[in-house]
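Coordinates as given in data38.cif (mmCIF, C-alpha atoms and all ligand atoms):
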```cif
data_target
loop_
_atom_site.group_PDB
_atom_site.id
_atom_site.type_symbol
_atom_site.label_atom_id
_atom_site.label_comp_id
_atom_site.auth_asym_id
_atom_site.auth_seq_id
_atom_site.Cartn_x
_atom_site.Cartn_y
_atom_site.Cartn_z
ATOM 1 C CA GLU A 11 92.638 95.378 79.524
ATOM 2 C CA ASN A 12 93.499 92.519 81.842
ATOM 3 C CA GLY A 13 95.865 94.100 84.383
ATOM 4 C CA LEU A 14 95.905 92.926 87.994
ATOM 5 C CA LEU A 15 94.354 96.246 89.022
ATOM 6 C CA THR A 16 91.936 96.967 86.200
ATOM 7 C CA GLY A 17 88.894 98.759 87.608
ATOM 8 C CA LYS A 18 90.627 99.645 90.880
ATOM 9 C CA THR A 19 91.222 103.164 92.211
ATOM 10 C CA ILE A 20 94.288 103.580 94.428
ATOM 11 C CA VAL A 21 95.390 106.650 96.406
ATOM 12 C CA VAL A 22 99.175 107.115 96.476
ATOM 13 C CA MET A 23 100.559 109.459 99.150
ATOM 14 C CA GLY A 24 104.159 110.686 99.017
ATOM 15 C CA VAL A 25 105.269 111.428 95.474
ATOM 16 C CA ALA A 26 107.807 114.280 95.649
ATOM 17 C CA ASN A 27 109.558 113.647 92.335
ATOM 18 C CA GLN A 28 110.262 110.889 89.831
ATOM 19 C CA ARG A 29 112.811 109.266 92.176
ATOM 20 C CA SER A 30 110.172 108.809 94.901
ATOM 21 C CA ILE A 31 109.248 105.251 95.826
ATOM 22 C CA ALA A 32 105.640 106.459 95.588
ATOM 23 C CA TRP A 33 106.275 107.302 91.914
ATOM 24 C CA GLY A 34 107.634 103.800 91.291
ATOM 25 C CA CYS A 35 104.399 102.568 92.876
ATOM 26 C CA THR A 36 102.287 104.908 90.738
ATOM 27 C CA THR A 37 103.754 103.722 87.434
ATOM 28 C CA ALA A 38 103.559 100.061 88.510
ATOM 29 C CA LEU A 39 99.890 100.449 89.532
ATOM 30 C CA GLN A 40 99.049 102.181 86.268
ATOM 31 C CA ALA A 41 100.825 99.440 84.313
ATOM 32 C CA GLN A 42 98.390 96.983 85.952
ATOM 33 C CA GLY A 43 95.390 99.074 84.934
ATOM 34 C CA ALA A 44 94.699 101.031 88.139
ATOM 35 C CA ARG A 45 93.401 104.567 88.278
ATOM 36 C CA VAL A 46 95.756 106.466 90.614
ATOM 37 C CA ILE A 47 94.964 109.512 92.740
ATOM 38 C CA LEU A 48 97.993 111.332 94.179
ATOM 39 C CA THR A 49 98.127 113.354 97.367
ATOM 40 C CA TYR A 50 100.806 115.984 97.898
ATOM 41 C CA GLN A 51 102.191 117.697 101.000
ATOM 42 C CA ASN A 52 102.137 121.351 99.940
ATOM 43 C CA ASP A 53 101.982 123.743 96.997
ATOM 44 C CA ARG A 54 105.719 123.481 96.334
ATOM 45 C CA LEU A 55 105.378 119.727 95.864
ATOM 46 C CA LYS A 56 102.243 120.188 93.769
ATOM 47 C CA GLN A 57 104.294 122.317 91.387
ATOM 48 C CA SER A 58 106.978 119.607 91.323
ATOM 49 C CA LEU A 59 104.321 117.010 90.437
ATOM 50 C CA GLN A 60 102.769 119.130 87.718
ATOM 51 C CA ARG A 61 106.076 119.062 85.828
ATOM 52 C CA PHE A 62 105.857 115.333 85.113
ATOM 53 C CA VAL A 63 102.403 113.871 85.807
ATOM 54 C CA ASN A 64 99.687 113.680 83.153
ATOM 55 C CA ALA A 65 97.408 116.718 83.106
ATOM 56 C CA ASP A 66 94.416 114.508 84.016
ATOM 57 C CA MET A 67 96.083 112.960 87.113
ATOM 58 C CA PRO A 68 93.941 113.736 90.201
ATOM 59 C CA LEU A 69 96.031 115.731 92.734
ATOM 60 C CA ILE A 70 94.679 116.200 96.262
ATOM 61 C CA PRO A 71 96.387 118.237 99.005
ATOM 62 C CA CYS A 72 97.208 116.320 102.189
ATOM 63 C CA ASP A 73 99.706 117.413 104.821
ATOM 64 C CA VAL A 74 99.682 114.570 107.352
ATOM 65 C CA ALA A 75 100.914 116.921 110.099
ATOM 66 C CA ASP A 76 97.344 118.253 110.173
ATOM 67 C CA GLU A 77 94.713 115.668 111.032
ATOM 68 C CA GLU A 78 91.856 117.791 109.673
ATOM 69 C CA ASN A 79 93.738 117.963 106.402
ATOM 70 C CA ILE A 80 93.872 114.151 106.249
ATOM 71 C CA GLU A 81 90.136 113.886 106.876
ATOM 72 C CA ALA A 82 89.414 116.615 104.321
ATOM 73 C CA ALA A 83 91.578 114.866 101.722
ATOM 74 C CA PHE A 84 89.665 111.575 102.009
ATOM 75 C CA ALA A 85 86.321 113.398 102.083
ATOM 76 C CA THR A 86 87.300 115.142 98.835
ATOM 77 C CA ILE A 87 88.427 111.851 97.314
ATOM 78 C CA LYS A 88 85.106 110.238 98.236
ATOM 79 C CA ALA A 89 83.092 113.144 96.860
ATOM 80 C CA GLN A 90 85.031 113.336 93.590
ATOM 81 C CA TYR A 91 85.976 109.707 92.874
ATOM 82 C CA GLY A 92 83.760 107.532 95.092
ATOM 83 C CA GLN A 93 84.875 104.502 97.109
ATOM 84 C CA ILE A 94 88.486 103.390 96.664
ATOM 85 C CA ASP A 95 90.318 100.058 96.530
ATOM 86 C CA GLY A 96 93.567 100.971 98.223
ATOM 87 C CA VAL A 97 95.987 103.450 99.751
ATOM 88 C CA ILE A 98 99.770 103.548 99.572
ATOM 89 C CA HIS A 99 101.384 105.537 102.381
ATOM 90 C CA ALA A 100 104.964 106.457 101.388
ATOM 91 C CA ILE A 101 105.627 109.286 103.819
ATOM 92 C CA ALA A 102 108.340 109.859 106.425
ATOM 93 C CA TYR A 103 110.096 112.824 107.980
ATOM 94 C CA ALA A 104 112.626 113.705 110.657
ATOM 95 C CA ASP A 105 114.244 117.105 111.021
ATOM 96 C CA LYS A 106 117.827 117.714 109.974
ATOM 97 C CA ALA A 107 119.247 118.009 113.506
ATOM 98 C CA THR A 108 117.660 114.694 114.499
ATOM 99 C CA LEU A 109 119.070 112.953 111.425
ATOM 100 C CA THR A 110 122.570 114.396 111.743
ATOM 101 C CA GLY A 111 123.301 114.196 115.471
ATOM 102 C CA LYS A 112 124.020 111.095 117.525
ATOM 103 C CA PHE A 113 120.909 109.096 118.386
ATOM 104 C CA ILE A 114 121.513 109.725 122.087
ATOM 105 C CA GLU A 115 121.211 113.473 121.421
ATOM 106 C CA THR A 116 117.650 113.140 120.027
ATOM 107 C CA THR A 117 115.438 115.857 121.525
ATOM 108 C CA LYS A 118 111.863 115.241 122.591
ATOM 109 C CA ALA A 119 110.662 117.581 119.853
ATOM 110 C CA GLY A 120 112.720 115.737 117.228
ATOM 111 C CA TYR A 121 111.543 112.370 118.493
ATOM 112 C CA ASP A 122 107.879 113.422 118.530
ATOM 113 C CA LEU A 123 108.010 114.960 115.060
ATOM 114 C CA ALA A 124 109.572 111.864 113.478
ATOM 115 C CA GLN A 125 106.990 109.626 115.175
ATOM 116 C CA GLU A 126 104.118 111.911 114.226
ATOM 117 C CA ILE A 127 104.878 112.145 110.522
ATOM 118 C CA SER A 128 106.465 108.733 109.956
ATOM 119 C CA ALA A 129 104.385 106.443 112.191
ATOM 120 C CA TYR A 130 101.285 108.072 113.678
ATOM 121 C CA SER A 131 100.243 109.382 110.254
ATOM 122 C CA LEU A 132 99.512 105.813 109.138
ATOM 123 C CA VAL A 133 96.944 105.464 111.929
ATOM 124 C CA ALA A 134 95.339 108.784 111.021
ATOM 125 C CA VAL A 135 95.322 107.901 107.316
ATOM 126 C CA ALA A 136 93.814 104.452 107.935
ATOM 127 C CA ARG A 137 91.059 106.009 110.079
ATOM 128 C CA ALA A 138 90.245 108.742 107.582
ATOM 129 C CA ALA A 139 90.328 106.279 104.679
ATOM 130 C CA GLN A 140 88.176 103.654 106.457
ATOM 131 C CA PRO A 141 84.775 105.025 105.360
ATOM 132 C CA VAL A 142 86.059 105.446 101.794
ATOM 133 C CA LEU A 143 87.545 101.950 101.422
ATOM 134 C CA LYS A 144 85.611 99.201 99.670
ATOM 135 C CA SER A 145 85.360 95.746 101.178
ATOM 136 C CA GLY A 146 88.461 93.886 99.961
ATOM 137 C CA ALA A 147 90.581 97.054 99.867
ATOM 138 C CA SER A 148 94.264 97.128 100.755
ATOM 139 C CA ILE A 149 96.610 99.587 102.505
ATOM 140 C CA ALA A 150 100.398 99.471 102.208
ATOM 141 C CA THR A 151 103.146 101.513 103.820
ATOM 142 C CA LEU A 152 106.912 101.741 103.326
ATOM 143 C CA THR A 153 109.368 100.752 106.015
ATOM 144 C CA TYR A 154 113.083 100.037 106.305
ATOM 145 C CA PHE A 155 115.274 97.377 107.958
ATOM 146 C CA GLY A 156 116.636 100.034 110.343
ATOM 147 C CA SER A 157 113.511 99.216 112.412
ATOM 148 C CA GLU A 158 115.072 95.893 113.399
ATOM 149 C CA ARG A 159 118.806 96.602 113.453
ATOM 150 C CA ALA A 160 120.796 99.633 114.552
ATOM 151 C CA ILE A 161 121.875 100.536 111.008
ATOM 152 C CA PRO A 162 124.597 103.209 111.043
ATOM 153 C CA ASN A 163 123.179 106.721 110.504
ATOM 154 C CA TYR A 164 119.496 105.671 110.359
ATOM 155 C CA LYS A 165 118.929 106.415 114.055
ATOM 156 C CA MET A 166 115.593 108.084 114.879
ATOM 157 C CA MET A 167 114.020 106.935 111.632
ATOM 158 C CA GLY A 168 114.646 103.346 112.733
ATOM 159 C CA VAL A 169 112.738 103.974 115.947
ATOM 160 C CA ALA A 170 109.869 105.549 113.984
ATOM 161 C CA LYS A 171 109.845 102.607 111.538
ATOM 162 C CA ALA A 172 109.627 100.135 114.436
ATOM 163 C CA ALA A 173 106.495 101.986 115.590
ATOM 164 C CA LEU A 174 105.173 102.069 112.026
ATOM 165 C CA GLU A 175 105.507 98.280 111.712
ATOM 166 C CA ALA A 176 103.704 97.752 115.022
ATOM 167 C CA ASN A 177 100.988 100.113 113.775
ATOM 168 C CA VAL A 178 100.556 97.864 110.734
ATOM 169 C CA ARG A 179 99.955 94.823 112.945
ATOM 170 C CA TYR A 180 97.396 96.514 115.209
ATOM 171 C CA LEU A 181 95.643 98.251 112.317
ATOM 172 C CA ALA A 182 95.385 94.850 110.603
ATOM 173 C CA ARG A 183 93.294 93.634 113.545
ATOM 174 C CA ASP A 184 90.957 96.628 113.466
ATOM 175 C CA LEU A 185 90.492 96.709 109.697
ATOM 176 C CA GLY A 186 90.003 92.982 109.296
ATOM 177 C CA ALA A 187 86.324 92.990 110.197
ATOM 178 C CA GLN A 188 85.721 95.299 107.254
ATOM 179 C CA GLN A 189 87.714 92.987 104.920
ATOM 180 C CA VAL A 190 90.453 95.594 104.589
ATOM 181 C CA ARG A 191 94.059 94.466 104.833
ATOM 182 C CA ILE A 192 97.240 96.377 105.596
ATOM 183 C CA ASN A 193 100.875 95.433 105.070
ATOM 184 C CA ALA A 194 104.275 97.088 104.849
ATOM 185 C CA ILE A 195 107.038 96.806 102.289
ATOM 186 C CA SER A 196 110.490 96.888 103.857
ATOM 187 C CA ALA A 197 112.333 98.414 100.919
ATOM 188 C CA GLY A 198 116.047 98.357 100.264
ATOM 189 C CA ALA A 199 117.897 101.674 100.252
ATOM 190 C CA VAL A 200 117.218 103.841 97.186
ATOM 191 C CA LYS A 201 118.559 107.333 96.569
ATOM 192 C CA THR A 202 115.510 109.572 97.029
ATOM 193 C CA LEU A 203 114.985 113.057 98.414
ATOM 194 C CA ALA A 204 114.160 111.630 101.869
ATOM 195 C CA VAL A 205 117.395 109.626 101.980
ATOM 196 C CA THR A 206 119.573 112.652 101.251
ATOM 197 C CA GLY A 207 118.423 114.044 104.623
ATOM 198 C CA ILE A 208 120.314 111.227 106.363
ATOM 199 C CA SER A 209 123.903 112.084 107.253
ATOM 200 C CA ALA A 210 126.435 109.929 105.377
ATOM 201 C CA HIS A 211 123.605 108.639 103.179
ATOM 202 C CA ARG A 212 126.192 107.780 100.502
ATOM 203 C CA ASP A 213 127.762 105.295 102.923
ATOM 204 C CA LEU A 214 124.346 103.879 103.795
ATOM 205 C CA LEU A 215 123.462 103.448 100.107
ATOM 206 C CA LYS A 216 126.848 101.921 99.264
ATOM 207 C CA LEU A 217 126.746 99.498 102.194
ATOM 208 C CA SER A 218 123.214 98.467 101.304
ATOM 209 C CA GLU A 219 124.061 97.930 97.629
ATOM 210 C CA SER A 220 127.080 95.810 98.587
ATOM 211 C CA LEU A 221 124.827 93.578 100.736
ATOM 212 C CA THR A 222 122.338 92.745 97.960
ATOM 213 C CA VAL A 223 122.575 89.253 96.514
ATOM 214 C CA ASP A 224 123.807 90.536 93.143
ATOM 215 C CA GLY A 225 125.489 93.810 94.127
ATOM 216 C CA GLN A 226 122.709 95.864 92.530
ATOM 217 C CA ALA A 227 120.388 98.084 94.536
ATOM 218 C CA VAL A 228 116.646 97.509 94.339
ATOM 219 C CA THR A 229 114.772 99.898 92.026
ATOM 220 C CA THR A 230 111.600 101.879 92.720
ATOM 221 C CA THR A 231 109.947 99.910 89.886
ATOM 222 C CA GLU A 232 110.718 96.630 91.673
ATOM 223 C CA ILE A 233 109.286 98.059 94.895
ATOM 224 C CA GLY A 234 106.273 99.392 92.983
ATOM 225 C CA ASN A 235 105.547 95.992 91.461
ATOM 226 C CA VAL A 236 105.269 94.437 94.929
ATOM 227 C CA ALA A 237 103.021 97.337 95.944
ATOM 228 C CA ALA A 238 100.840 96.459 92.918
ATOM 229 C CA PHE A 239 100.643 92.849 94.121
ATOM 230 C CA LEU A 240 99.653 94.084 97.601
ATOM 231 C CA MET A 241 96.912 96.261 96.083
ATOM 232 C CA SER A 242 95.651 93.332 93.991
ATOM 233 C CA ASP A 243 93.258 90.548 94.929
ATOM 234 C CA LEU A 244 96.184 88.099 94.706
ATOM 235 C CA SER A 245 97.323 89.211 98.185
ATOM 236 C CA GLN A 246 93.928 88.840 99.875
ATOM 237 C CA GLY A 247 95.283 86.288 102.352
ATOM 238 C CA MET A 248 97.949 88.627 103.700
ATOM 239 C CA THR A 249 97.572 91.202 106.430
ATOM 240 C CA GLY A 250 99.722 92.703 109.171
ATOM 241 C CA ASP A 251 102.844 91.532 107.378
ATOM 242 C CA ILE A 252 106.180 93.109 106.486
ATOM 243 C CA LEU A 253 107.521 92.098 103.050
ATOM 244 C CA TYR A 254 111.201 92.628 102.242
ATOM 245 C CA VAL A 255 111.820 94.105 98.812
ATOM 246 C CA ASP A 256 115.535 94.707 99.269
ATOM 247 C CA LYS A 257 117.341 92.258 96.974
ATOM 248 C CA GLY A 258 118.317 90.205 100.019
ATOM 249 C CA VAL A 259 120.000 92.880 102.156
ATOM 250 C CA HIS A 260 118.103 91.594 105.211
ATOM 251 C CA LEU A 261 119.787 88.182 104.827
ATOM 252 C CA SER A 262 123.136 89.544 106.023
HETATM 253 P P1 LIG A 301 110.674 110.921 99.038
HETATM 254 O O1 LIG A 301 111.399 112.085 99.606
HETATM 255 O O2 LIG A 301 110.594 110.827 97.570
HETATM 256 O O3 LIG A 301 109.229 110.793 99.658
HETATM 257 C C1 LIG A 301 108.925 111.181 100.976
HETATM 258 C C2 LIG A 301 107.574 111.835 100.894
HETATM 259 O O4 LIG A 301 107.096 112.142 102.199
HETATM 260 C C3 LIG A 301 107.600 113.167 100.127
HETATM 261 O O5 LIG A 301 106.715 113.102 99.035
HETATM 262 C C4 LIG A 301 107.125 114.168 101.149
HETATM 263 O O6 LIG A 301 106.320 115.186 100.577
HETATM 264 C C5 LIG A 301 106.302 113.282 102.064
HETATM 265 N N1 LIG A 301 106.017 113.925 103.356
HETATM 266 C C6 LIG A 301 106.895 114.301 104.324
HETATM 267 N N2 LIG A 301 106.247 114.954 105.304
HETATM 268 C C7 LIG A 301 104.931 114.995 104.945
HETATM 269 C C8 LIG A 301 103.754 115.563 105.521
HETATM 270 N N3 LIG A 301 103.799 116.248 106.670
HETATM 271 N N4 LIG A 301 102.581 115.402 104.858
HETATM 272 C C9 LIG A 301 102.525 114.740 103.697
HETATM 273 N N5 LIG A 301 103.599 114.202 103.087
HETATM 274 C C10 LIG A 301 104.782 114.329 103.714
HETATM 275 O O7 LIG A 301 111.453 109.643 99.649
HETATM 276 P P2 LIG A 301 111.157 108.069 99.599
HETATM 277 O O8 LIG A 301 112.450 107.437 99.925
HETATM 278 O O9 LIG A 301 110.449 107.714 98.353
HETATM 279 O O10 LIG A 301 110.203 107.858 100.860
HETATM 280 C C11 LIG A 301 108.949 107.218 100.810
HETATM 281 C C12 LIG A 301 108.823 106.219 101.949
HETATM 282 O O11 LIG A 301 109.695 105.124 101.719
HETATM 283 C C13 LIG A 301 109.199 106.777 103.317
HETATM 284 O O12 LIG A 301 108.337 106.231 104.296
HETATM 285 C C14 LIG A 301 110.599 106.218 103.511
HETATM 286 O O13 LIG A 301 110.979 106.145 104.867
HETATM 287 C C15 LIG A 301 110.398 104.858 102.909
HETATM 288 N N6 LIG A 301 111.627 104.115 102.598
HETATM 289 C C16 LIG A 301 112.605 104.678 101.845
HETATM 290 C C17 LIG A 301 113.746 103.960 101.558
HETATM 291 C C18 LIG A 301 114.845 104.577 100.738
HETATM 292 O O14 LIG A 301 115.965 104.064 100.769
HETATM 293 N N7 LIG A 301 114.582 105.629 99.990
HETATM 294 C C19 LIG A 301 113.895 102.656 102.033
HETATM 295 C C20 LIG A 301 112.869 102.081 102.790
HETATM 296 C C21 LIG A 301 111.738 102.827 103.066
#
```

Here is the file; what I need is its structure written in the form of structure tokens.
Ligand code: NAD
Amino acid sequence: ENGLLTGKTIVVMGVANQRSIAWGCTTALQAQGARVILTYQNDRLKQSLQRFVNADMPLIPCDVADEENIEAAFATIKAQYGQIDGVIHAIAYADKATLTGKFIETTKAGYDLAQEISAYSLVAVARAAQPVLKSGASIATLTYFGSERAIPNYKMMGVAKAALEANVRYLARDLGAQQVRINAISAGAVKTLAVTGISAHRDLLKLSESLTVDGQAVTTTEIGNVAAFLMSDLSQGMTGDILYVDKGVHLS
């Protein structure tokens, strides 16, 4: 085997089903020779995973709403699989009311929840993973252009993504001394479970597709391949950066 990731063990957080960006990452990492460990939010999602993952795929529970759960997950990973080479964080959440109302109607509870799950969780994950990461390891998260522009219907998630991207930059400083890097992929819109929570998501997806350079939406495999590059030694000079993988939507 001579894949980019042969001999590396990568933890992927956020596979819900085969449409998940995290699943596109998983298959891309495996294609480059990585061993992948998945974490799942709850038993319902574990059952969803068990319908399509290989029977020998490591599955570790991790609800990022519970900090002790995050620490326990990485302690289990260390005990069972040893030191790791990377983590992909592909997790976000905002409640239905927050995603459907006007942005100006956002409640404090809705604001806090979206920030907690979609932005703060990266800090908690990086901290819990730190003692388990090898020197030269890499962390990547998933963001969206709605962090920079007021994209119709994206609202609170855009605010959470802006915080997430700032988290990446400050975490890059802290992790650098340990030779660990962290970056974000700003992915184009893809129809996943998370996106269907956004009101008028069909309009958002259609608008995004029409703004790509060739009229075709980015795929989770294309996003996953960039995640594989970020997990590989080829990206060792990059940290604290946001990479667009959106077929040029951000150019408009
Ligand atoms: P998805 O619904 O397939 O994945 C979201 C995942 O978040 C699910 O697996 C869910 O279990 C997990 N999650 C939510 N709350 C959690 C919690 N408390 N603990 C643990 N896990 C939790 O959707 P997706 O689109 O693949 O989303 C993955 C990431 O990509 C998200 O950060 C999303 O914002 C980002 N993203 C998506 C798009 C898009 O268009 N789909 C574009 C850019 C960025």

Just want the 10 Å neighbourhood of stretch 13-20 of chain A, counted on only C-alpha atoms, with same-chain residues fewer than 2 positions away dropped. Output as a ChimeraX atom specification. /A:11,22-23,36,38-48,91-98,143,147-149,238-239,241-244

Would you mind listing the residues within 6 Å of ligand LIG 301 (chain A), counting all atoms listed in the file, as a list in words?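 Protein and nucleic-acid residues within 6 Å of ligand LIG 301 (chain A): Gly24, Val25, Ala26, Ser30, Ile31, Ala32, Gln51, Cys72, Asp73, Val74, Ala75, Ala100, Ile101, Ala102, Tyr103, Ile127, Leu152, Thr153, Tyr154, Ser196, Ala197, Gly198, Ala199, Val200, Lys201, Thr202, Leu203, Ala204 and Val205 of chain A.
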
Name the residues captured by the PyMOL selection byres (((chain A and resi 255-261) around 8) and not hetatm) when it is applied to the shown file; answer as a PyMOL selection string. chain A and resi 155+195-199+218-219+221-224+226-228+232-233+236+253-254+262

Please tabulate, as a Markdown table, the residues of stretch 153-206 of chain A that come within 10 Å of stretch 104-121 of chain A, each with its closest pair of atoms and the distance in Å to one decimal, counting all atoms listed in the file and ordering rows by chain, then residue number upward.
```
| residue | atom | partner | partner_atom | distance |
| --- | --- | --- | --- | --- |
| A:Asn163 | CA | A:Leu109 | CA | 7.5 |
| A:Tyr164 | CA | A:Leu109 | CA | 7.4 |
| A:Lys165 | CA | A:Phe113 | CA | 5.5 |
| A:Met166 | CA | A:Phe113 | CA | 6.4 |
| A:Met167 | CA | A:Ala104 | CA | 7.0 |
| A:Val169 | CA | A:Tyr121 | CA | 8.9 |
| A:Ala170 | CA | A:Tyr121 | CA | 8.3 |
| A:Ala204 | CA | A:Ala104 | CA | 9.2 |
```

Could you check which of A:Gln90, A:Asn79, A:Gln28, A:Ser209 is closest to A:Arg61, using only C-alpha atoms? A:Gln28

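From atom CA of A:Lys88 back to atom CA of A:Arg183, the distance works out to 24.0 Å.
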
Separating atom CA of A:Thr49 from atom CA of A:Gly247, to the nearest tenth of an Å, is a gap of 27.7 Å

To one decimal place in Å, what is the distance between atom CA of A:Thr37 and atom CA of A:Gly146? 22.1 Å

Pick from A:Leu55, A:Asp184, A:Val135, A:Ala173, whichever lies nearest to A:Phe84 using all atoms listed in the file: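 Nearest to A:Phe84: A:Val135.
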
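Comparing the minimum interatomic distances between A:Ala124 and each of A:Ala237, A:Leu185, A:Met67, A:Leu174, counting all atoms listed in the file, we find that A:Leu174 sits nearest.
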
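Using only C-alpha atoms for every distance, the candidate list A:Leu123, A:Ile70, A:Ala172, A:Val190 yields A:Val190 as the residue closest to A:Pro141.
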
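Distance check against A:Val21 using only C-alpha atoms: of A:Ser128, A:Thr86, A:Asn64, A:Gln57, the minimum falls on A:Thr86.
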
Translate the PyMOL selection byres (((chain A and resi 180) around 12) and not hetatm) into a concrete residue list for this structure, as a PDB file with C-alpha atoms, keeping the file's coordinate frame.
```pdb
ATOM      1  CA  LEU A 132      99.512 105.813 109.138  1.00  0.00           C
ATOM      2  CA  VAL A 133      96.944 105.464 111.929  1.00  0.00           C
ATOM      3  CA  ALA A 136      93.814 104.452 107.935  1.00  0.00           C
ATOM      4  CA  ALA A 173     106.495 101.986 115.590  1.00  0.00           C
ATOM      5  CA  LEU A 174     105.173 102.069 112.026  1.00  0.00           C
ATOM      6  CA  GLU A 175     105.507  98.280 111.712  1.00  0.00           C
ATOM      7  CA  ALA A 176     103.704  97.752 115.022  1.00  0.00           C
ATOM      8  CA  ASN A 177     100.988 100.113 113.775  1.00  0.00           C
ATOM      9  CA  VAL A 178     100.556  97.864 110.734  1.00  0.00           C
ATOM     10  CA  ARG A 179      99.955  94.823 112.945  1.00  0.00           C
ATOM     11  CA  LEU A 181      95.643  98.251 112.317  1.00  0.00           C
ATOM     12  CA  ALA A 182      95.385  94.850 110.603  1.00  0.00           C
ATOM     13  CA  ARG A 183      93.294  93.634 113.545  1.00  0.00           C
ATOM     14  CA  ASP A 184      90.957  96.628 113.466  1.00  0.00           C
ATOM     15  CA  LEU A 185      90.492  96.709 109.697  1.00  0.00           C
ATOM     16  CA  GLY A 186      90.003  92.982 109.296  1.00  0.00           C
ATOM     17  CA  ARG A 191      94.059  94.466 104.833  1.00  0.00           C
ATOM     18  CA  ILE A 192      97.240  96.377 105.596  1.00  0.00           C
ATOM     19  CA  ASN A 193     100.875  95.433 105.070  1.00  0.00           C
ATOM     20  CA  THR A 249      97.572  91.202 106.430  1.00  0.00           C
ATOM     21  CA  GLY A 250      99.722  92.703 109.171  1.00  0.00           C
ATOM     22  CA  ASP A 251     102.844  91.532 107.378  1.00  0.00           C
TER      23      ASP A 251
END
```

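Of the residues listed (A:Leu217, A:Ala187, A:Ile161, A:Ala83), A:Ala83 shows the shortest atom-to-atom separation from A:Pro71; distances use only C-alpha atoms.
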
Using the structure just given, write a file holding C-alpha atoms for stretch 219-245 of chain A, as a PDB file, in the first residue's frame.
```pdb
ATOM      1  CA  GLU A 219     -25.316  25.070  -7.230  1.00  0.00           C
ATOM      2  CA  SER A 220     -26.037  27.893  -9.686  1.00  0.00           C
ATOM      3  CA  LEU A 221     -23.019  29.832  -8.341  1.00  0.00           C
ATOM      4  CA  THR A 222     -20.480  27.028  -8.884  1.00  0.00           C
ATOM      5  CA  VAL A 223     -18.102  27.487 -11.796  1.00  0.00           C
ATOM      6  CA  ASP A 224     -19.648  24.603 -13.750  1.00  0.00           C
ATOM      7  CA  GLY A 225     -23.204  24.559 -12.383  1.00  0.00           C
ATOM      8  CA  GLN A 226     -22.563  21.328 -10.472  1.00  0.00           C
ATOM      9  CA  ALA A 227     -22.609  21.139  -6.690  1.00  0.00           C
ATOM     10  CA  VAL A 228     -19.536  19.878  -4.862  1.00  0.00           C
ATOM     11  CA  THR A 229     -19.725  16.240  -3.721  1.00  0.00           C
ATOM     12  CA  THR A 230     -18.910  14.775  -0.307  1.00  0.00           C
ATOM     13  CA  THR A 231     -16.164  12.734  -2.021  1.00  0.00           C
ATOM     14  CA  GLU A 232     -14.532  15.939  -3.292  1.00  0.00           C
ATOM     15  CA  ILE A 233     -14.735  17.419   0.207  1.00  0.00           C
ATOM     16  CA  GLY A 234     -13.402  14.168   1.677  1.00  0.00           C
ATOM     17  CA  ASN A 235     -10.400  14.175  -0.644  1.00  0.00           C
ATOM     18  CA  VAL A 236      -9.347  17.606   0.637  1.00  0.00           C
ATOM     19  CA  ALA A 237      -9.854  16.328   4.188  1.00  0.00           C
ATOM     20  CA  ALA A 238      -7.485  13.452   3.290  1.00  0.00           C
ATOM     21  CA  PHE A 239      -4.896  15.976   2.088  1.00  0.00           C
ATOM     22  CA  LEU A 240      -5.295  17.914   5.358  1.00  0.00           C
ATOM     23  CA  MET A 241      -4.773  14.707   7.359  1.00  0.00           C
ATOM     24  CA  SER A 242      -1.683  13.844   5.297  1.00  0.00           C
ATOM     25  CA  ASP A 243       1.904  14.986   5.729  1.00  0.00           C
ATOM     26  CA  LEU A 244       1.560  16.956   2.472  1.00  0.00           C
ATOM     27  CA  SER A 245      -0.263  19.720   4.388  1.00  0.00           C
TER      28      SER A 245
END
```
